[in-house]
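Novice: Got a file for you: my_file-v1.pdb, PDB, C-alpha atoms and all ligand atoms.
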```pdb
ATOM      1  CA  MET A   1      13.415   3.716  17.011
ATOM      2  CA  HIS A   2      10.668   1.123  17.463
ATOM      3  CA  ASN A   3      11.152  -2.611  17.500
ATOM      4  CA  TYR A   4       8.976  -4.242  14.894
ATOM      5  CA  GLU A   5       8.611  -7.370  12.806
ATOM      6  CA  ILE A   6       7.229  -7.869   9.308
ATOM      7  CA  ILE A   7       4.987 -10.920   9.001
ATOM      8  CA  PRO A   8       2.390 -12.261   6.563
ATOM      9  CA  ILE A   9      -1.081 -11.095   7.544
ATOM     10  CA  THR A  10      -3.358 -13.661   9.204
ATOM     11  CA  GLU A  11      -7.041 -13.617  10.106
ATOM     12  CA  LYS A  12      -6.202 -12.422  13.600
ATOM     13  CA  HIS A  13      -4.699  -9.202  12.198
ATOM     14  CA  ILE A  14      -7.823  -8.147  10.282
ATOM     15  CA  GLU A  15      -9.091  -5.668  12.866
ATOM     16  CA  GLY A  16      -5.642  -4.209  13.422
ATOM     17  CA  PHE A  17      -5.127  -3.900   9.675
ATOM     18  CA  ARG A  18      -8.454  -2.085   9.296
ATOM     19  CA  ALA A  19      -7.592   0.241  12.171
ATOM     20  CA  ALA A  20      -4.227   1.088  10.595
ATOM     21  CA  VAL A  21      -5.859   1.792   7.210
ATOM     22  CA  ASP A  22      -8.466   3.920   8.984
ATOM     23  CA  SER A  23      -5.808   5.952  10.782
ATOM     24  CA  VAL A  24      -3.836   6.706   7.595
ATOM     25  CA  ALA A  25      -7.018   7.324   5.563
ATOM     26  CA  ARG A  26      -8.222   9.904   8.103
ATOM     27  CA  GLU A  27      -5.088  11.975   7.495
ATOM     28  CA  HIS A  28      -6.754  12.720   4.115
ATOM     29  CA  LYS A  29      -3.382  13.293   2.442
ATOM     30  CA  TYR A  30      -2.335   9.962   1.045
ATOM     31  CA  LEU A  31      -4.977   7.338   0.359
ATOM     32  CA  ALA A  32      -7.909   7.130  -2.019
ATOM     33  CA  PHE A  33     -10.453   6.952   0.797
ATOM     34  CA  LEU A  34     -11.088   9.273   3.724
ATOM     35  CA  GLU A  35     -11.679   6.652   6.384
ATOM     36  CA  GLY A  36     -11.137   2.921   6.689
ATOM     37  CA  PRO A  37     -13.503   0.530   4.933
ATOM     38  CA  PRO A  38     -16.136  -1.312   6.986
ATOM     39  CA  LEU A  39     -14.673  -4.263   8.904
ATOM     40  CA  GLU A  40     -16.507  -6.797   6.736
ATOM     41  CA  MET A  41     -14.940  -5.324   3.607
ATOM     42  CA  SER A  42     -11.466  -5.482   5.161
ATOM     43  CA  ARG A  43     -12.156  -9.066   6.207
ATOM     44  CA  ALA A  44     -13.228 -10.070   2.692
ATOM     45  CA  TYR A  45     -10.166  -8.377   1.206
ATOM     46  CA  VAL A  46      -7.736 -10.101   3.580
ATOM     47  CA  LEU A  47      -9.394 -13.515   3.167
ATOM     48  CA  GLU A  48      -9.220 -13.200  -0.610
ATOM     49  CA  ASN A  49      -5.518 -12.309  -0.435
ATOM     50  CA  LEU A  50      -4.880 -15.269   1.873
ATOM     51  CA  GLN A  51      -6.773 -17.619  -0.414
ATOM     52  CA  ASN A  52      -4.878 -16.426  -3.496
ATOM     53  CA  ASN A  53      -1.490 -16.367  -1.740
ATOM     54  CA  SER A  54      -1.296 -12.689  -2.723
ATOM     55  CA  PRO A  55       1.405 -10.665  -0.978
ATOM     56  CA  HIS A  56      -0.060  -9.029   2.133
ATOM     57  CA  PHE A  57       2.249  -8.231   5.022
ATOM     58  CA  VAL A  58       1.871  -6.301   8.239
ATOM     59  CA  ALA A  59       4.414  -4.618  10.486
ATOM     60  CA  ILE A  60       3.800  -5.393  14.154
ATOM     61  CA  SER A  61       5.167  -3.444  17.108
ATOM     62  CA  GLU A  62       4.218  -4.370  20.680
ATOM     63  CA  GLY A  63       1.389  -6.514  19.356
ATOM     64  CA  LYS A  64      -0.128  -3.723  17.260
ATOM     65  CA  VAL A  65      -0.428  -3.460  13.470
ATOM     66  CA  ILE A  66       1.597  -0.335  12.614
ATOM     67  CA  GLY A  67       1.832  -0.756   8.848
ATOM     68  CA  TRP A  68       0.874  -2.907   5.893
ATOM     69  CA  CYS A  69       1.765  -3.600   2.277
ATOM     70  CA  ASP A  70      -0.365  -5.642  -0.083
ATOM     71  CA  ILE A  71      -0.187  -6.436  -3.783
ATOM     72  CA  ALA A  72      -3.510  -7.609  -5.166
ATOM     73  CA  PRO A  73      -3.371  -9.316  -8.576
ATOM     74  CA  LEU A  74      -5.741  -7.928 -11.202
ATOM     75  CA  ASP A  75      -8.428 -10.372 -12.233
ATOM     76  CA  ARG A  76      -9.003  -9.906 -15.999
ATOM     77  CA  PRO A  77      -7.256 -12.628 -18.030
ATOM     78  CA  VAL A  78      -4.896 -10.258 -19.841
ATOM     79  CA  PHE A  79      -3.917  -8.517 -16.591
ATOM     80  CA  VAL A  80      -3.250 -11.470 -14.282
ATOM     81  CA  HIS A  81       0.515 -10.919 -14.419
ATOM     82  CA  SER A  82      -0.035  -7.519 -12.739
ATOM     83  CA  GLY A  83      -0.741  -6.535  -9.167
ATOM     84  CA  THR A  84      -1.789  -3.272  -7.536
ATOM     85  CA  LEU A  85       0.272  -2.186  -4.561
ATOM     86  CA  GLY A  86      -1.033  -0.495  -1.417
ATOM     87  CA  ILE A  87       1.084   0.555   1.568
ATOM     88  CA  GLY A  88       0.875   2.615   4.738
ATOM     89  CA  VAL A  89       2.684   3.088   8.029
ATOM     90  CA  LEU A  90       1.103   4.795  11.060
ATOM     91  CA  ALA A  91       2.263   8.417  11.283
ATOM     92  CA  SER A  92       4.348   8.064  14.431
ATOM     93  CA  TYR A  93       6.296   5.121  12.989
ATOM     94  CA  ARG A  94       7.371   6.708   9.688
ATOM     95  CA  GLY A  95      10.934   7.467   8.632
ATOM     96  CA  GLN A  96      12.477   4.426  10.358
ATOM     97  CA  GLY A  97      12.745   2.045   7.418
ATOM     98  CA  ILE A  98       9.475   0.220   8.128
ATOM     99  CA  GLY A  99       7.791   1.202   4.843
ATOM    100  CA  GLU A 100      10.799   0.101   2.843
ATOM    101  CA  ALA A 101      11.018  -3.208   4.711
ATOM    102  CA  LEU A 102       7.299  -3.842   4.078
ATOM    103  CA  ILE A 103       7.441  -3.088   0.370
ATOM    104  CA  ARG A 104      10.620  -5.127  -0.208
ATOM    105  CA  THR A 105       9.013  -8.135   1.499
ATOM    106  CA  ALA A 106       5.819  -7.793  -0.542
ATOM    107  CA  LEU A 107       7.732  -7.380  -3.817
ATOM    108  CA  ASP A 108       9.763 -10.539  -3.101
ATOM    109  CA  GLN A 109       6.553 -12.526  -2.732
ATOM    110  CA  ALA A 110       5.025 -10.889  -5.807
ATOM    111  CA  LYS A 111       8.010 -12.116  -7.796
ATOM    112  CA  SER A 112       7.821 -15.581  -6.296
ATOM    113  CA  ILE A 113       4.149 -16.035  -7.233
ATOM    114  CA  GLY A 114       4.950 -15.058 -10.826
ATOM    115  CA  LEU A 115       3.763 -11.457 -11.074
ATOM    116  CA  THR A 116       5.843  -9.500 -13.587
ATOM    117  CA  ARG A 117       4.311  -6.054 -13.139
ATOM    118  CA  VAL A 118       3.423  -4.146  -9.986
ATOM    119  CA  GLU A 119       1.494  -0.917 -10.456
ATOM    120  CA  LEU A 120       0.083   1.826  -8.283
ATOM    121  CA  THR A 121      -1.228   5.354  -8.259
ATOM    122  CA  VAL A 122       0.096   7.968  -5.869
ATOM    123  CA  ARG A 123      -1.030  11.507  -5.155
ATOM    124  CA  GLU A 124       1.301  14.075  -6.694
ATOM    125  CA  ASN A 125       2.011  15.821  -3.359
ATOM    126  CA  ASN A 126       3.054  12.555  -1.697
ATOM    127  CA  LYS A 127       6.778  13.115  -2.234
ATOM    128  CA  THR A 128       7.792  10.583   0.432
ATOM    129  CA  ALA A 129       5.970   7.704  -1.221
ATOM    130  CA  ILE A 130       7.166   8.748  -4.698
ATOM    131  CA  MET A 131      10.794   8.766  -3.425
ATOM    132  CA  LEU A 132      10.318   5.327  -1.891
ATOM    133  CA  TYR A 133       8.830   3.886  -5.088
ATOM    134  CA  LYS A 134      11.614   5.381  -7.238
ATOM    135  CA  LYS A 135      14.220   4.003  -4.850
ATOM    136  CA  LEU A 136      12.821   0.517  -5.462
ATOM    137  CA  GLY A 137      12.819   0.921  -9.253
ATOM    138  CA  PHE A 138       9.268   2.056  -9.953
ATOM    139  CA  VAL A 139       8.997   4.325 -12.995
ATOM    140  CA  ILE A 140       6.443   7.075 -13.582
ATOM    141  CA  GLU A 141       4.090   6.099 -16.402
ATOM    142  CA  GLY A 142       1.450   8.769 -16.391
ATOM    143  CA  LEU A 143      -0.371  11.718 -14.955
ATOM    144  CA  HIS A 144      -4.073  11.645 -14.066
ATOM    145  CA  ARG A 145      -5.017  15.303 -13.955
ATOM    146  CA  ASN A 146      -7.386  16.339 -11.144
ATOM    147  CA  ALA A 147      -8.021  12.658 -10.426
ATOM    148  CA  VAL A 148      -8.427  13.389  -6.717
ATOM    149  CA  ARG A 149     -10.864  15.888  -5.255
ATOM    150  CA  ILE A 150     -11.333  16.488  -1.545
ATOM    151  CA  GLY A 151     -13.841  19.222  -0.805
ATOM    152  CA  THR A 152     -13.021  21.831  -3.431
ATOM    153  CA  GLU A 153      -9.322  20.934  -3.751
ATOM    154  CA  TYR A 154      -8.096  18.929  -6.723
ATOM    155  CA  GLU A 155      -4.871  16.941  -6.874
ATOM    156  CA  ASN A 156      -3.199  15.026  -9.688
ATOM    157  CA  HIS A 157      -2.568  11.310  -9.471
ATOM    158  CA  ILE A 158       0.630   9.773 -10.798
ATOM    159  CA  SER A 159       0.753   6.212 -12.068
ATOM    160  CA  MET A 160       3.936   4.235 -11.487
ATOM    161  CA  ALA A 161       4.942   0.649 -12.127
ATOM    162  CA  LEU A 162       7.803  -1.775 -11.591
ATOM    163  CA  LEU A 163       8.524  -4.568 -14.072
ATOM    164  CA  PHE A 164      10.399  -7.688 -12.965
ATOM    165  CA  GLU A 165      13.000  -8.927 -15.463
TER     166      GLU A 165
HETATM  167  C1  LIG A 201       5.138   6.141   2.190
HETATM  168  C2  LIG A 201       5.410   5.418   3.503
HETATM  169  C3  LIG A 201       4.759   4.023   3.456
HETATM  170  C4  LIG A 201       6.936   5.244   3.655
HETATM  171  O1  LIG A 201       7.177   4.511   4.841
HETATM  172  P1  LIG A 201       8.304   4.959   5.882
HETATM  173  O2  LIG A 201       8.429   3.875   6.873
HETATM  174  O3  LIG A 201       8.001   6.330   6.365
HETATM  175  O4  LIG A 201       9.596   5.041   4.914
HETATM  176  P2  LIG A 201      11.065   4.507   5.214
HETATM  177  O5  LIG A 201      11.540   5.057   6.524
HETATM  178  O6  LIG A 201      11.120   3.043   5.018
HETATM  179  O7  LIG A 201      11.894   5.248   4.071
HETATM  180  C5  LIG A 201      12.115   4.608   2.825
HETATM  181  C6  LIG A 201      12.332   5.651   1.741
HETATM  182  O8  LIG A 201      11.172   6.466   1.615
HETATM  183  C7  LIG A 201      11.567   7.791   1.272
HETATM  184  N1  LIG A 201      11.276   8.684   2.392
HETATM  185  C8  LIG A 201      10.950   8.342   3.660
HETATM  186  N2  LIG A 201      10.699   9.449   4.390
HETATM  187  C9  LIG A 201      10.870  10.505   3.554
HETATM  188  C10 LIG A 201      10.738  11.914   3.694
HETATM  189  N3  LIG A 201      10.374  12.460   4.860
HETATM  190  N4  LIG A 201      10.961  12.688   2.605
HETATM  191  C11 LIG A 201      11.304  12.135   1.418
HETATM  192  N5  LIG A 201      11.443  10.805   1.232
HETATM  193  C12 LIG A 201      11.247  10.009   2.282
HETATM  194  C13 LIG A 201      13.051   7.730   1.038
HETATM  195  O9  LIG A 201      13.280   7.349  -0.300
HETATM  196  C14 LIG A 201      13.454   6.625   1.997
HETATM  197  O10 LIG A 201      14.676   6.044   1.645
HETATM  198  P3  LIG A 201      16.043   6.638   2.316
HETATM  199  O11 LIG A 201      15.882   6.431   3.792
HETATM  200  O12 LIG A 201      17.116   5.826   1.696
HETATM  201  O13 LIG A 201      16.073   8.094   1.945
HETATM  202  C15 LIG A 201       4.883   6.217   4.730
HETATM  203  O14 LIG A 201       5.453   7.494   4.719
HETATM  204  C16 LIG A 201       3.378   6.315   4.797
HETATM  205  O15 LIG A 201       2.701   5.471   5.365
HETATM  206  N6  LIG A 201       2.785   7.384   4.223
HETATM  207  C17 LIG A 201       1.341   7.572   4.287
HETATM  208  C18 LIG A 201       0.606   6.509   3.466
HETATM  209  C19 LIG A 201       1.011   6.542   2.023
HETATM  210  O16 LIG A 201       1.477   7.541   1.502
HETATM  211  N7  LIG A 201       0.827   5.407   1.348
HETATM  212  C20 LIG A 201       1.121   5.315  -0.071
HETATM  213  C21 LIG A 201      -0.021   5.819  -0.862
HETATM  214  S1  LIG A 201       0.291   5.665  -2.625
END
```
What would the structure in this file look like if it were written as structure tokens?

Specialist:
Amino acid sequence: MHNYEIIPITEKHIEGFRAAVDSVAREHKYLAFLEGPPLEMSRAYVLENLQNNSPHFVAISEGKVIGWCDIAPLDRPVFVHSGTLGIGVLASYRGQGIGEALIRTALDQAKSIGLTRVELTVRENNKTAIMLYKKLGFVIEGLHRNAVRIGTEYENHISMALLFE
């Protein structure tokens, strides 16, 4: 078991956050991109979340970013009560409760800033993430057939959401 702490992201974590996203993206099994975004894009994303007080937490172990969870509010007027959730934990740190701790922390802040709906899409083969989301009360809302294609392989996407009472 690793020692870790969950803390709100700050500017000094931007490179570590990007590196963690890059590592999980390069597994090609879970995320919607195949490598991490350019650093400047990660920086802009984090700064926007900080400015908007949007939930964005990182898990830190021995000074390194080993996971993240963010919930970015949608920007159209009729959607501002909703946020889109993203999460990942580095492969060697999975299965120790870190993902669940990250998502619970992010959901608490989402509630406290007034979001009433948190939504996401998850690849159909990602049983671990689907189990985690169901455990926290997310409900499956839809199936996006062949939404993902990597090389010649297609995969369905599942949309899930959690509503706060
Ligand atoms: C999904 C992910 C964030 C979960 O984080 P984690 O730290 O491994 O998960 P935790 O140890 O906190 O486990 C929490 C719950 O997840 C589910 N889970 C975790 N590992 C699992 C496994 N091997 N099989 C099935 N369910 C599993 C369970 O519901 C578990 O609750 P339980 O311990 O009561 O059974 C992590 O596996 C990950 O980073 N995956 C790759 C990136 C990704 O899939 N991101 C989401 C894209 S939509």

Novice: Just to confirm, what's the straight-line distance from atom CA of Phe17 of chain A to atom CA of Gly137 of chain A in Å (one decimal)?

Specialist: 26.5 Å

Novice: Would you write out, as JSON lines, a table of all residues in segment 73-105 of chain A that have an atom no more than 10 Å from an atom of segment 2-6 of chain A, listing for each the closest atom pair and the distance in Å to one decimal, considering all atoms listed in the file and ordering rows by chain and rising residue number?

Specialist:
```
{"residue": "A:Ser92", "atom": "CA", "partner": "A:His2", "partner_atom": "CA", "distance": 9.9}
{"residue": "A:Tyr93", "atom": "CA", "partner": "A:His2", "partner_atom": "CA", "distance": 7.4}
{"residue": "A:Gln96", "atom": "CA", "partner": "A:His2", "partner_atom": "CA", "distance": 8.0}
{"residue": "A:Ile98", "atom": "CA", "partner": "A:Tyr4", "partner_atom": "CA", "distance": 8.1}
{"residue": "A:Ala101", "atom": "CA", "partner": "A:Ile6", "partner_atom": "CA", "distance": 7.6}
{"residue": "A:Leu102", "atom": "CA", "partner": "A:Ile6", "partner_atom": "CA", "distance": 6.6}
{"residue": "A:Thr105", "atom": "CA", "partner": "A:Ile6", "partner_atom": "CA", "distance": 8.0}
```

Novice: Care to translate the PyMOL selection byres (((chain A and resi 71) around 6) and not hetatm) into actual residues of this file, as a list in words?

Specialist: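 Those residues are Pro55, Asp70, Ala72, Gly83, Thr84 and Leu85 of chain A.
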
Novice: Using all atoms listed in the file, find each residue with an atom at most 10 Å away from ligand LIG 201 (chain A) and format the answer as an MDAnalysis selection string.

Specialist: chainID A and resid 20:21 23:25 27:32 66:69 85:104 120:136 157:160

Novice: I'd like to know which of A:Arg26, A:Lys12, A:Arg117, A:Arg149 is closest to Pro73 of chain A, using only C-alpha atoms.

Specialist: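 Under the stated criterion, the closest residue is A:Arg117.
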
Novice: Smallest atom-to-atom distance to Phe79 of chain A: which of A:Thr116, A:Gln51, A:Met41, A:Phe138, using only C-alpha atoms?

Specialist: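 Checking each candidate against Phe79 of chain A, we get A:Thr116 as the closest.
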
Novice: Taking the file as shown, find all residues satisfying the PyMOL selection byres (((chain A and resi 42) around 10) and not hetatm) and write them as JSON, numbers by chain.

Specialist: {"A": [14, 15, 17, 18, 19, 21, 36, 37, 38, 39, 40, 41, 43, 44, 45, 46, 47, 48]}

Novice: Quick one: of A:Gly151, A:Leu34, A:Glu62, A:Asn49, who's nearest to Thr10 of chain A, counting all atoms listed in the file?

Specialist: A:Asn49

Novice: Rounded to one decimal place, report the atom CA of Ala59 of chain A-atom CA of Leu107 of chain A distance in Å.

Specialist: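 Straight-line distance from atom CA of Ala59 of chain A to atom CA of Leu107 of chain A works out to 14.9 Å.
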
Novice: Could you work out how far atom CA of Arg76 of chain A lies from atom CA of Leu50 of chain A, giving the answer in Å with one decimal?

Specialist: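 Computing it gives 19.1 Å between the two atoms.
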